[in-house]
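One structure is given here, and the rest of the page talks about it.
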Amino acid sequence: MVIKQEDNIKAERAGIELLNLTDDEKIVWDNYLRYNEWELEKHKSMAQKLENNPLTDIWRDELYYEIERTMAYMDTNANIERGRPLAHEVFKEELKLLNLDINYPFDSGKLHLINNITREKNISNSWDEETCEYVYNGLKQILKAKIQLAISGEKQLHSGIASPWTFYIHKIGLEGFSYQLLSILVLIFTGAIVLEGRRNRSNKLIEMLPEKRSYIIRYYYKVAFISVASVLIMTFILPIIFLGFRYGFEGLKNPTFVYKQSFTSFTGYKHVEDFWYYGLGKFYGIRPWFEGGYLPATVLTVYPLWKVMVLSLGISLLKMVFFTILGVGIGISFSNVVVSSFMLPITSLLYLVSQRFSNKLNFNPFAITSSWDIATGAASYTWFKSVVILLISIVVMHIIFYAINQKRDYVG
């Protein structure tokens, strides 16, 4: 990478003579080359630090290097006349708060002028105004997150870092099979609790009590919820506590991109089908970035990690309630135990199929995917839509199962 950058700088310096630049254009071109040389030296310096300090955590140095570098890159796409001010003007207050005084060995205010020259000279890799605006806005979003991270004083978490929060987000979002498997296990487990009671006739003891018929379904709900809660404590809470004591509980202020309107709207933002990651959050791009991947859209907002986790936890709990009630309902709604046993895997299969077509099934509670993706806005279902559908489904299921139980003298 360093050799390639050095070759590019040599080629661009040779271009001063080949392009027949005017004196003013040579000043702009030379300023841009000094920017490239500064970036190369910064990259070499950081690489040397990492090489000489393999056992030292120098993430703060990396973060501040990335802030400086991204600000300069943002300035190459600035255009005050078109409403794109320089980075140090956009983040003036934040830089003061960080006490960060950046002194470039080039004039960052003139970097964007290189675009005018490349367009006039018809250079093949020149950017049009639309591309400059897209990259500028995307880099501004990235800088918001990086500066917020610097202010919080936390290390950036990502999927490869050992942390209790990384573990949690892996299970409810990054690993697609984990949250799907958990939903199926809750469904089958709660249904099996009811079916086991019917098989060994222990349910008869409950049915013979001098209580209303609604007591039976409430009893099974209670047993199922306690059982599911115990399983969740074993599979989630205890590992999080263990990982927290081992690796620390830091990271809750990590910046995460979310689509804020998702919390009050049935529709998400327009984007392409491909996504990208920033930290532990996933977002969809609105157009590809020629350097690879995508940049965060301006419609996205930076939230602290803890806030997104709470929002995702709300969806996760509703999904667990939904599958618990569904499992209990299937267990008590069929007079034949074999039929109930057969319906549990059939329902699980329906859920898995619905997950595959979530973008085409608008009001199917089975099609609601990862709680984490929903909270960040990177899902077919918005957060608000998911909450509404799950709440309505829970109420409707309870009414149906309650009515079936009321009409039956005995369950089993």
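Naming works like this for the structure tokens: A, B, ... for the chains as they're shown, residue 1 at the start of each chain, ligands 1 onward in shown order.
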Interface rows for region 291-383 of chain A against region 172-192 of chain A: nearest pair, Å to one decimal, 8 Å, only C-alpha atoms, as a tab-separated table:
residue	atom	partner	partner_atom	distance
A:Ser316	CA	A:Ile172	CA	7.8
A:Lys319	CA	A:Ser183	CA	7.6
A:Met320	CA	A:Ser183	CA	6.9
A:Phe323	CA	A:Leu187	CA	5.0
A:Thr324	CA	A:Leu187	CA	5.8
A:Leu326	CA	A:Leu187	CA	6.7
A:Gly327	CA	A:Gly191	CA	4.2
A:Val328	CA	A:Gly191	CA	4.9
A:Gly329	CA	A:Gly191	CA	7.5
A:Ile330	CA	A:Gly191	CA	6.4
A:Gly331	CA	A:Gly191	CA	4.9
A:Ser341	CA	A:Ala192	CA	7.9
A:Leu344	CA	A:Ile188	CA	6.0
A:Pro345	CA	A:Ile188	CA	7.5
A:Ser348	CA	A:Ile184	CA	5.8
A:Leu352	CA	A:Gln180	CA	7.4
A:Ser370	CA	A:Gly173	CA	5.0
A:Ser371	CA	A:Ile172	CA	6.1
A:Trp372	CA	A:Gly173	CA	4.9
A:Asp373	CA	A:Gly173	CA	6.3
_Can you measure CA of Ile67 (chain A) to CA of Glu273 (chain A) for me? One decimal in Å is fine._
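Atom-to-atom, CA of Ile67 (chain A) to CA of Glu273 (chain A), that is 28.9 Å.
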*At what distance in Å, to one decimal, does CA of Leu252 (chain A) lie from CA of Tyr381 (chain A)?*
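Rounded to one decimal, the two atoms are 25.0 Å apart.
CA of Ile315 (chain A) sits 25.9 Å away from CA of Ile332 (chain A).
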